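Listing of target.cif, mmCIF, C-alpha atoms
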data_entry
loop_
_atom_site.group_PDB
_atom_site.id
_atom_site.type_symbol
_atom_site.label_atom_id
_atom_site.label_comp_id
_atom_site.auth_asym_id
_atom_site.auth_seq_id
_atom_site.Cartn_x
_atom_site.Cartn_y
_atom_site.Cartn_z
ATOM 1 C CA MET A 1 -22.159 7.038 -17.605
ATOM 2 C CA ALA A 2 -22.150 4.318 -20.277
ATOM 3 C CA GLU A 3 -18.697 5.491 -21.257
ATOM 4 C CA PHE A 4 -17.525 5.259 -17.648
ATOM 5 C CA LEU A 5 -18.923 1.739 -17.281
ATOM 6 C CA ASP A 6 -17.287 0.694 -20.535
ATOM 7 C CA MET A 7 -13.792 1.497 -19.148
ATOM 8 C CA GLY A 8 -12.392 2.121 -22.613
ATOM 9 C CA GLY A 9 -13.348 -1.378 -23.687
ATOM 10 C CA TYR A 10 -11.775 -3.069 -20.643
ATOM 11 C CA ALA A 11 -15.023 -3.200 -18.665
ATOM 12 C CA VAL A 12 -14.967 -6.961 -18.070
ATOM 13 C CA PHE A 13 -11.425 -6.952 -16.672
ATOM 14 C CA VAL A 14 -11.622 -3.747 -14.636
ATOM 15 C CA TRP A 15 -15.012 -4.457 -13.048
ATOM 16 C CA ALA A 16 -14.176 -8.092 -12.381
ATOM 17 C CA ALA A 17 -10.987 -7.024 -10.577
ATOM 18 C CA TYR A 18 -12.764 -4.392 -8.470
ATOM 19 C CA GLY A 19 -15.747 -6.656 -7.834
ATOM 20 C CA LEU A 20 -13.651 -9.582 -6.667
ATOM 21 C CA CYS A 21 -11.600 -7.349 -4.358
ATOM 22 C CA ALA A 22 -14.746 -5.868 -2.839
ATOM 23 C CA ALA A 23 -16.384 -9.274 -2.423
ATOM 24 C CA ALA A 24 -13.328 -10.913 -0.842
ATOM 25 C CA LEU A 25 -12.457 -8.043 1.509
ATOM 26 C CA VAL A 26 -16.057 -7.481 2.645
ATOM 27 C CA GLY A 27 -16.571 -11.233 2.980
ATOM 28 C CA LEU A 28 -13.496 -11.715 5.164
ATOM 29 C CA ALA A 29 -14.398 -8.716 7.338
ATOM 30 C CA LEU A 30 -17.972 -9.918 7.881
ATOM 31 C CA HIS A 31 -16.831 -13.462 8.580
ATOM 32 C CA SER A 32 -14.295 -12.178 11.139
ATOM 33 C CA LEU A 33 -16.970 -10.114 12.884
ATOM 34 C CA LYS A 34 -19.471 -12.966 12.926
ATOM 35 C CA ALA A 35 -16.994 -15.548 14.219
ATOM 36 C CA GLY A 36 -15.813 -13.002 16.789
ATOM 37 C CA LYS A 37 -19.327 -12.458 18.082
ATOM 38 C CA GLN A 38 -19.983 -16.210 18.277
ATOM 39 C CA ALA A 39 -16.795 -16.807 20.259
ATOM 40 C CA ARG A 40 -17.563 -13.908 22.589
ATOM 41 C CA ASP A 41 -21.087 -15.200 23.221
ATOM 42 C CA ARG A 42 -19.785 -18.665 24.009
ATOM 43 C CA VAL A 43 -17.204 -17.295 26.454
ATOM 44 C CA GLU A 44 -19.921 -15.255 28.161
ATOM 45 C CA ALA A 45 -22.184 -18.326 28.312
ATOM 46 C CA LEU A 46 -19.505 -20.428 30.002
ATOM 47 C CA ARG A 47 -18.503 -17.912 32.644
ATOM 48 C CA PRO A 48 -21.530 -17.710 34.973
ATOM 49 C CA ARG A 49 -21.876 -21.486 34.943
ATOM 50 C CA ARG A 50 -18.347 -21.816 36.221
ATOM 51 C CA ARG A 51 -18.855 -19.233 38.904
ATOM 52 C CA LYS A 52 -21.919 -21.034 40.207
ATOM 53 C CA GLY A 53 -20.048 -24.319 40.316
ATOM 54 C CA ALA A 54 -17.060 -22.813 42.084
ATOM 55 C CA MET B 1 5.456 -5.775 24.585
ATOM 56 C CA HIS B 2 4.935 -8.067 27.534
ATOM 57 C CA ARG B 3 2.383 -5.716 28.958
ATOM 58 C CA PHE B 4 0.162 -6.778 26.062
ATOM 59 C CA ALA B 5 0.732 -10.427 26.858
ATOM 60 C CA ASN B 6 -2.243 -9.907 29.132
ATOM 61 C CA PRO B 7 -5.297 -10.540 26.881
ATOM 62 C CA ALA B 8 -7.471 -8.032 28.762
ATOM 63 C CA GLU B 9 -4.797 -5.392 28.262
ATOM 64 C CA PHE B 10 -4.533 -6.295 24.588
ATOM 65 C CA ASN B 11 -8.302 -6.096 24.118
ATOM 66 C CA ARG B 12 -8.332 -2.627 25.668
ATOM 67 C CA LEU B 13 -5.567 -1.509 23.305
ATOM 68 C CA ALA B 14 -7.436 -3.008 20.329
ATOM 69 C CA ASP B 15 -10.634 -1.200 21.280
ATOM 70 C CA ARG B 16 -8.742 2.079 21.406
ATOM 71 C CA ILE B 17 -7.204 1.566 17.949
ATOM 72 C CA LEU B 18 -10.269 0.155 16.150
ATOM 73 C CA PRO B 19 -12.348 3.369 15.804
ATOM 74 C CA TRP B 20 -9.336 5.074 14.222
ATOM 75 C CA SER B 21 -8.441 2.252 11.877
ATOM 76 C CA LEU B 22 -12.096 1.981 10.807
ATOM 77 C CA ALA B 23 -12.320 5.719 10.139
ATOM 78 C CA ILE B 24 -9.050 5.750 8.169
ATOM 79 C CA MET B 25 -10.173 2.700 6.226
ATOM 80 C CA ALA B 26 -13.524 4.258 5.282
ATOM 81 C CA GLY B 27 -12.007 7.615 4.355
ATOM 82 C CA ALA B 28 -9.115 6.168 2.380
ATOM 83 C CA PHE B 29 -11.328 3.719 0.467
ATOM 84 C CA ALA B 30 -13.785 6.508 -0.407
ATOM 85 C CA ALA B 31 -11.058 8.879 -1.588
ATOM 86 C CA GLY B 32 -8.948 6.125 -3.155
ATOM 87 C CA LEU B 33 -11.798 4.597 -5.157
ATOM 88 C CA TYR B 34 -12.921 8.019 -6.368
ATOM 89 C CA LEU B 35 -9.391 8.851 -7.530
ATOM 90 C CA ALA B 36 -8.776 5.389 -8.968
ATOM 91 C CA LEU B 37 -12.007 5.138 -10.960
ATOM 92 C CA PHE B 38 -12.876 8.777 -11.827
ATOM 93 C CA ALA B 39 -10.158 11.333 -11.245
ATOM 94 C CA SER B 40 -7.014 9.552 -12.442
ATOM 95 C CA PRO B 41 -6.239 9.545 -16.173
ATOM 96 C CA PRO B 42 -6.218 6.457 -18.384
ATOM 97 C CA ASP B 43 -2.712 5.307 -19.265
ATOM 98 C CA TYR B 44 -1.423 6.394 -22.677
ATOM 99 C CA GLN B 45 -0.557 2.790 -23.538
ATOM 100 C CA GLN B 46 -2.826 0.724 -21.323
ATOM 101 C CA GLY B 47 -5.961 2.853 -21.458
ATOM 102 C CA ASP B 48 -8.431 2.293 -18.631
ATOM 103 C CA SER B 49 -7.096 -1.183 -17.850
ATOM 104 C CA VAL B 50 -4.427 0.616 -15.793
ATOM 105 C CA ARG B 51 -7.123 1.174 -13.144
ATOM 106 C CA ILE B 52 -6.649 -2.449 -12.138
ATOM 107 C CA MET B 53 -3.293 -1.338 -10.747
ATOM 108 C CA TYR B 54 -5.012 0.496 -7.881
ATOM 109 C CA VAL B 55 -6.458 -2.706 -6.469
ATOM 110 C CA HIS B 56 -3.693 -5.055 -7.663
ATOM 111 C CA VAL B 57 -0.511 -3.392 -6.395
ATOM 112 C CA PRO B 58 -1.748 -2.696 -2.834
ATOM 113 C CA ALA B 59 -2.957 -6.312 -2.616
ATOM 114 C CA ALA B 60 0.501 -7.536 -3.639
ATOM 115 C CA TRP B 61 2.246 -5.193 -1.180
ATOM 116 C CA MET B 62 -0.051 -6.281 1.626
ATOM 117 C CA ALA B 63 0.415 -9.947 0.729
ATOM 118 C CA MET B 64 4.123 -9.545 1.521
ATOM 119 C CA PHE B 65 3.619 -7.175 4.455
ATOM 120 C CA THR B 66 1.163 -9.549 6.118
ATOM 121 C CA TYR B 67 3.593 -12.407 5.646
ATOM 122 C CA MET B 68 6.273 -10.410 7.454
ATOM 123 C CA VAL B 69 3.812 -9.704 10.297
ATOM 124 C CA MET B 70 3.071 -13.429 10.489
ATOM 125 C CA ALA B 71 6.761 -14.330 10.399
ATOM 126 C CA GLY B 72 7.626 -11.691 13.016
ATOM 127 C CA ALA B 73 4.881 -13.037 15.270
ATOM 128 C CA SER B 74 6.130 -16.583 14.707
ATOM 129 C CA PHE B 75 9.680 -15.587 15.613
ATOM 130 C CA THR B 76 8.436 -13.868 18.778
ATOM 131 C CA ALA B 77 6.396 -16.942 19.661
ATOM 132 C CA LEU B 78 9.324 -19.324 19.196
ATOM 133 C CA VAL B 79 12.056 -17.264 20.843
ATOM 134 C CA TRP B 80 10.290 -15.407 23.661
ATOM 135 C CA ARG B 81 7.227 -17.609 24.086
ATOM 136 C CA HIS B 82 5.099 -14.478 24.073
ATOM 137 C CA PRO B 83 1.638 -15.928 24.764
ATOM 138 C CA LEU B 84 -0.229 -13.843 22.192
ATOM 139 C CA ALA B 85 2.392 -14.041 19.449
ATOM 140 C CA ASP B 86 1.324 -17.310 17.861
ATOM 141 C CA LEU B 87 -2.276 -16.062 17.960
ATOM 142 C CA ALA B 88 -1.137 -12.954 16.082
ATOM 143 C CA GLY B 89 0.253 -15.165 13.330
ATOM 144 C CA LYS B 90 -2.942 -17.195 13.286
ATOM 145 C CA ALA B 91 -5.031 -14.012 13.073
ATOM 146 C CA ALA B 92 -2.941 -12.582 10.230
ATOM 147 C CA ALA B 93 -2.818 -15.679 8.013
ATOM 148 C CA PRO B 94 -6.332 -15.611 6.481
ATOM 149 C CA ILE B 95 -5.955 -11.887 5.769
ATOM 150 C CA GLY B 96 -2.634 -12.497 4.033
ATOM 151 C CA ALA B 97 -4.051 -15.406 2.065
ATOM 152 C CA THR B 98 -6.912 -13.163 0.894
ATOM 153 C CA PHE B 99 -4.537 -10.376 -0.200
ATOM 154 C CA THR B 100 -2.375 -12.921 -2.029
ATOM 155 C CA ALA B 101 -5.339 -14.476 -3.826
ATOM 156 C CA LEU B 102 -6.500 -10.994 -4.847
ATOM 157 C CA ALA B 103 -3.026 -10.071 -6.108
ATOM 158 C CA LEU B 104 -2.984 -13.225 -8.235
ATOM 159 C CA VAL B 105 -6.522 -12.870 -9.595
ATOM 160 C CA THR B 106 -6.394 -9.133 -10.316
ATOM 161 C CA GLY B 107 -2.949 -9.586 -11.885
ATOM 162 C CA SER B 108 -4.403 -12.273 -14.082
ATOM 163 C CA LEU B 109 -7.291 -9.988 -15.097
ATOM 164 C CA TRP B 110 -4.787 -7.269 -15.933
ATOM 165 C CA GLY B 111 -2.448 -9.660 -17.747
ATOM 166 C CA LYS B 112 -5.045 -10.935 -20.185
ATOM 167 C CA PRO B 113 -5.750 -7.618 -21.952
ATOM 168 C CA MET B 114 -2.166 -6.273 -21.625
ATOM 169 C CA TRP B 115 0.040 -9.331 -22.135
ATOM 170 C CA GLY B 116 -2.425 -11.562 -23.919
ATOM 171 C CA THR B 117 -2.356 -14.227 -21.221
ATOM 172 C CA TYR B 118 -3.965 -14.813 -17.835
ATOM 173 C CA TRP B 119 -0.934 -16.640 -16.516
ATOM 174 C CA GLU B 120 2.770 -17.120 -17.154
ATOM 175 C CA TRP B 121 5.000 -19.449 -15.129
ATOM 176 C CA ASP B 122 7.649 -16.800 -14.564
ATOM 177 C CA GLY B 123 9.514 -15.877 -11.376
ATOM 178 C CA ARG B 124 7.085 -13.263 -10.096
ATOM 179 C CA MET B 125 3.854 -15.149 -10.592
ATOM 180 C CA THR B 126 5.245 -18.488 -9.466
ATOM 181 C CA SER B 127 6.782 -17.052 -6.279
ATOM 182 C CA VAL B 128 3.515 -15.278 -5.382
ATOM 183 C CA LEU B 129 1.652 -18.533 -5.945
ATOM 184 C CA VAL B 130 4.153 -20.170 -3.560
ATOM 185 C CA LEU B 131 3.348 -17.403 -1.052
ATOM 186 C CA PHE B 132 -0.339 -18.298 -1.325
ATOM 187 C CA PHE B 133 0.429 -21.959 -0.618
ATOM 188 C CA LEU B 134 2.620 -20.961 2.353
ATOM 189 C CA TYR B 135 -0.372 -19.178 3.868
ATOM 190 C CA LEU B 136 -2.614 -22.185 3.215
ATOM 191 C CA GLY B 137 0.018 -24.540 4.640
ATOM 192 C CA TYR B 138 0.417 -22.405 7.754
ATOM 193 C CA MET B 139 -3.344 -22.464 8.354
ATOM 194 C CA ALA B 140 -3.510 -26.198 7.646
ATOM 195 C CA VAL B 141 -0.783 -26.907 10.232
ATOM 196 C CA TRP B 142 -2.786 -24.995 12.859
ATOM 197 C CA GLN B 143 -5.832 -27.114 12.016
ATOM 198 C CA SER B 144 -3.955 -30.395 11.916
ATOM 199 C CA MET B 145 -3.038 -30.730 15.596
ATOM 200 C CA ASP B 146 -5.275 -30.812 18.653
ATOM 201 C CA ASP B 147 -2.468 -29.676 20.939
ATOM 202 C CA GLU B 148 -2.536 -25.896 20.410
ATOM 203 C CA ALA B 149 0.968 -25.298 21.700
ATOM 204 C CA LYS B 150 2.425 -27.899 19.355
ATOM 205 C CA ALA B 151 0.374 -26.680 16.408
ATOM 206 C CA GLY B 152 1.480 -23.106 17.053
ATOM 207 C CA ARG B 153 5.132 -24.122 17.180
ATOM 208 C CA ALA B 154 4.965 -26.170 13.982
ATOM 209 C CA ALA B 155 3.089 -23.417 12.141
ATOM 210 C CA SER B 156 5.599 -20.814 13.356
ATOM 211 C CA ILE B 157 8.524 -22.863 12.055
ATOM 212 C CA LEU B 158 6.822 -23.171 8.662
ATOM 213 C CA ALA B 159 6.211 -19.410 8.577
ATOM 214 C CA LEU B 160 9.893 -18.704 9.288
ATOM 215 C CA VAL B 161 11.151 -21.128 6.644
ATOM 216 C CA GLY B 162 8.832 -19.459 4.139
ATOM 217 C CA VAL B 163 10.420 -16.023 4.715
ATOM 218 C CA ALA B 164 13.036 -17.072 2.149
ATOM 219 C CA ASN B 165 10.319 -16.603 -0.476
ATOM 220 C CA ILE B 166 9.840 -12.880 0.253
ATOM 221 C CA PRO B 167 13.100 -11.586 -1.303
ATOM 222 C CA ILE B 168 12.498 -13.967 -4.197
ATOM 223 C CA ILE B 169 9.159 -12.255 -4.857
ATOM 224 C CA LYS B 170 10.645 -8.795 -4.508
ATOM 225 C CA PHE B 171 13.635 -9.354 -6.789
ATOM 226 C CA SER B 172 12.110 -11.913 -9.170
ATOM 227 C CA VAL B 173 11.426 -9.187 -11.732
ATOM 228 C CA ASP B 174 15.126 -8.215 -11.737
ATOM 229 C CA TRP B 175 16.587 -11.730 -11.629
ATOM 230 C CA TRP B 176 14.577 -13.450 -14.342
ATOM 231 C CA ASN B 177 13.048 -12.576 -17.665
ATOM 232 C CA THR B 178 9.408 -11.851 -17.132
ATOM 233 C CA LEU B 179 6.335 -10.214 -18.579
ATOM 234 C CA HIS B 180 5.878 -8.471 -15.241
ATOM 235 C CA GLN B 181 7.103 -4.905 -15.047
ATOM 236 C CA PRO B 182 9.878 -4.043 -12.564
ATOM 237 C CA ALA B 183 9.268 -1.931 -9.444
ATOM 238 C CA SER B 184 8.104 1.598 -10.246
ATOM 239 C CA VAL B 185 7.327 2.908 -6.740
ATOM 240 C CA MET B 186 9.599 1.234 -4.170
ATOM 241 C CA ARG B 187 12.848 1.551 -6.053
ATOM 242 C CA MET B 188 16.205 3.228 -5.631
ATOM 243 C CA GLY B 189 16.066 6.762 -7.011
ATOM 244 C CA GLY B 190 12.376 7.274 -6.295
ATOM 245 C CA PRO B 191 9.145 6.380 -8.071
ATOM 246 C CA THR B 192 8.985 6.526 -11.866
ATOM 247 C CA ILE B 193 5.203 6.604 -11.897
ATOM 248 C CA ASP B 194 3.450 9.940 -12.486
ATOM 249 C CA GLY B 195 1.869 11.771 -9.546
ATOM 250 C CA THR B 196 -1.638 11.561 -11.025
ATOM 251 C CA MET B 197 -1.366 7.791 -10.667
ATOM 252 C CA LEU B 198 0.972 7.610 -7.686
ATOM 253 C CA TRP B 199 -1.387 9.410 -5.299
ATOM 254 C CA PRO B 200 -4.443 7.247 -5.959
ATOM 255 C CA LEU B 201 -2.183 4.217 -5.582
ATOM 256 C CA LEU B 202 -0.748 5.377 -2.245
ATOM 257 C CA ILE B 203 -4.206 6.229 -0.887
ATOM 258 C CA MET B 204 -5.525 2.824 -1.900
ATOM 259 C CA ALA B 205 -2.467 1.297 -0.216
ATOM 260 C CA LEU B 206 -3.351 3.225 2.964
ATOM 261 C CA ALA B 207 -6.918 1.897 2.734
ATOM 262 C CA TYR B 208 -5.662 -1.687 2.428
ATOM 263 C CA LYS B 209 -3.305 -1.144 5.366
ATOM 264 C CA ALA B 210 -6.098 0.243 7.563
ATOM 265 C CA TYR B 211 -8.263 -2.691 6.469
ATOM 266 C CA PHE B 212 -5.503 -5.036 7.607
ATOM 267 C CA VAL B 213 -5.198 -3.356 11.012
ATOM 268 C CA THR B 214 -8.968 -3.440 11.524
ATOM 269 C CA VAL B 215 -9.565 -7.047 10.529
ATOM 270 C CA PHE B 216 -6.352 -8.175 12.243
ATOM 271 C CA LEU B 217 -7.537 -6.699 15.559
ATOM 272 C CA TRP B 218 -10.992 -8.270 15.130
ATOM 273 C CA ARG B 219 -9.349 -11.633 14.476
ATOM 274 C CA MET B 220 -6.948 -11.240 17.421
ATOM 275 C CA LYS B 221 -9.933 -10.716 19.726
ATOM 276 C CA LEU B 222 -11.554 -13.752 18.112
ATOM 277 C CA GLU B 223 -8.474 -15.929 18.635
ATOM 278 C CA ILE B 224 -8.104 -14.772 22.245
ATOM 279 C CA ASN B 225 -11.707 -15.786 22.916
ATOM 280 C CA ARG B 226 -11.193 -19.113 21.155
ATOM 281 C CA ARG B 227 -8.194 -19.840 23.378
ATOM 282 C CA LYS B 228 -10.218 -18.832 26.423
ATOM 283 C CA LEU B 229 -12.920 -21.264 25.312
ATOM 284 C CA SER B 230 -10.508 -24.146 24.973
ATOM 285 C CA VAL B 231 -9.067 -23.393 28.421
ATOM 286 C CA LEU B 232 -12.533 -23.077 29.961
ATOM 287 C CA SER B 233 -13.802 -26.285 28.382
ATOM 288 C CA GLN B 234 -10.720 -28.164 29.561
ATOM 289 C CA ALA B 235 -11.346 -26.829 33.041
ATOM 290 C CA GLU B 236 -14.916 -28.159 32.763
ATOM 291 C CA VAL B 237 -13.662 -31.617 31.887
ATOM 292 C CA TYR B 238 -10.642 -31.897 34.162
ATOM 293 C CA GLY B 239 -11.448 -29.343 36.845
#
Starting from the coordinates I provided, produce the structure as structure tokens.
Amino acid sequence: MAEFLDMGGYAVFVWAAYGLCAAALVGLALHSLKAGKQARDRVEALRPRRRKGA
Amino acid sequence: MHRFANPAEFNRLADRILPWSLAIMAGAFAAGLYLALFASPPDYQQGDSVRIMYVHVPAAWMAMFTYMVMAGASFTALVWRHPLADLAGKAAAPIGATFTALALVTGSLWGKPMWGTYWEWDGRMTSVLVLFFLYLGYMAVWQSMDDEAKAGRAASILALVGVANIPIIKFSVDWWNTLHQPASVMRMGGPTIDGTMLWPLLIMALAYKAYFVTVFLWRMKLEINRRKLSVLSQAEVYG
């Protein structure tokens, strides 16, 4: 296990590369989902009000 | 294509694709990461640092692929005025910018132990940095104008001008002296990379592609709702 984590002496570079990829890709996906839900909720909130007014 | 100009129709299509793209993404990342980190051999010259390739190369491929999606959408928006096309470009841009940033950063982390430097102002690295700024510029143009139609047109024109950079990236390693290695997968005469490394790389590339499809569809639905909101709020004010 220690040998695996050491990555033949390149641990810092290999794990930084994988870590940054994971963080950025997960971050963008979560942000997209969250913003999507917010926008959907706001559209839903506007709709009934307009129907009542119409 | 014009059938999917109807947002409701597009959303239905997206909801049909999303379970598949999510499943492919999960499966390919699981298999790809296992192969990349455990099953594939260390390189005889580069040792275990070669494992950076499996996250670096797909990011670089997807950086260019996403740009072509954005440029294709921009062209469609300008020429045929397809109502969802400029939104497709807008949805793709942050994903492409992320892939490009990851290609640059992981390349840098690979360059330090192998070349002895994090950065070199050569053709490949400089042109990919330009690609990153094209994405940022495209997103900035969208933000800079209140009139969505105008912003979309200006951003689309920028995206099309920037296409000139794509062949420069691709051929930079052949045209100029560089530390960066030339193509070893997408080249005439077939890949020169060994199968034990090619397969993990291709599976990781599939995972990145499925990730793109998934997040792109989420962002398309987001942009469609945002446009709906701006139409609805204008109707509130002027209606």
Name the residues that the PyMOL selection byres ((chain B and resi 24) around 12) pulls out of this structure, and write them as a PyMOL selection string.
-> chain B and resi 17-23+25-32+203-214
Select, as a JSON list (two decimals) with C-alpha atoms, in the frame of the given file, those residues of chain B with any atom no more than 9 Å from chain A (distances computed using all atoms listed in the file).
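As a result, out.json now contains:
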[["chain", "number", "residue", "atom", "x", "y", "z"],
["B", 37, "LEU", "CA", -12.01, 5.14, -10.96],
["B", 38, "PHE", "CA", -12.88, 8.78, -11.83],
["B", 42, "PRO", "CA", -6.22, 6.46, -18.38],
["B", 47, "GLY", "CA", -5.96, 2.85, -21.46],
["B", 48, "ASP", "CA", -8.43, 2.29, -18.63],
["B", 49, "SER", "CA", -7.10, -1.18, -17.85],
["B", 50, "VAL", "CA", -4.43, 0.62, -15.79],
["B", 51, "ARG", "CA", -7.12, 1.17, -13.14],
["B", 52, "ILE", "CA", -6.65, -2.45, -12.14],
["B", 55, "VAL", "CA", -6.46, -2.71, -6.47],
["B", 56, "HIS", "CA", -3.69, -5.06, -7.66],
["B", 59, "ALA", "CA", -2.96, -6.31, -2.62],
["B", 94, "PRO", "CA", -6.33, -15.61, 6.48],
["B", 95, "ILE", "CA", -5.96, -11.89, 5.77],
["B", 98, "THR", "CA", -6.91, -13.16, 0.89],
["B", 99, "PHE", "CA", -4.54, -10.38, -0.20],
["B", 102, "LEU", "CA", -6.50, -10.99, -4.85],
["B", 105, "VAL", "CA", -6.52, -12.87, -9.60],
["B", 106, "THR", "CA", -6.39, -9.13, -10.32],
["B", 107, "GLY", "CA", -2.95, -9.59, -11.88],
["B", 109, "LEU", "CA", -7.29, -9.99, -15.10],
["B", 110, "TRP", "CA", -4.79, -7.27, -15.93],
["B", 112, "LYS", "CA", -5.04, -10.94, -20.18],
["B", 113, "PRO", "CA", -5.75, -7.62, -21.95],
["B", 211, "TYR", "CA", -8.26, -2.69, 6.47],
["B", 214, "THR", "CA", -8.97, -3.44, 11.52],
["B", 215, "VAL", "CA", -9.56, -7.05, 10.53],
["B", 216, "PHE", "CA", -6.35, -8.18, 12.24],
["B", 218, "TRP", "CA", -10.99, -8.27, 15.13],
["B", 219, "ARG", "CA", -9.35, -11.63, 14.48],
["B", 221, "LYS", "CA", -9.93, -10.72, 19.73],
["B", 222, "LEU", "CA", -11.55, -13.75, 18.11],
["B", 223, "GLU", "CA", -8.47, -15.93, 18.64],
["B", 225, "ASN", "CA", -11.71, -15.79, 22.92],
["B", 226, "ARG", "CA", -11.19, -19.11, 21.16],
["B", 228, "LYS", "CA", -10.22, -18.83, 26.42],
["B", 229, "LEU", "CA", -12.92, -21.26, 25.31],
["B", 232, "LEU", "CA", -12.53, -23.08, 29.96],
["B", 233, "SER", "CA", -13.80, -26.28, 28.38],
["B", 236, "GLU", "CA", -14.92, -28.16, 32.76]]
Take every atom of range 112-119 of chain B listed in the file, fit an axis-aligned box around them, add 3 Å per side, and give the centre and edge lengths in Å to one decimal as JSON.
{"center_x": -2.9, "center_y": -11.5, "center_z": -20.2, "size_x": 11.8, "size_y": 16.4, "size_z": 13.4}
I need the residue set behind the PyMOL selection byres ((chain B and resi 132) around 9) for this file; please write it as a count of residues only.
-> 17
Nearest-residue call for Leu78 in chain B, choices B:Ala183, B:Ala103, B:Ala154, B:Ile169, using all atoms listed in the file =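 Closest candidate: B:Ala154.
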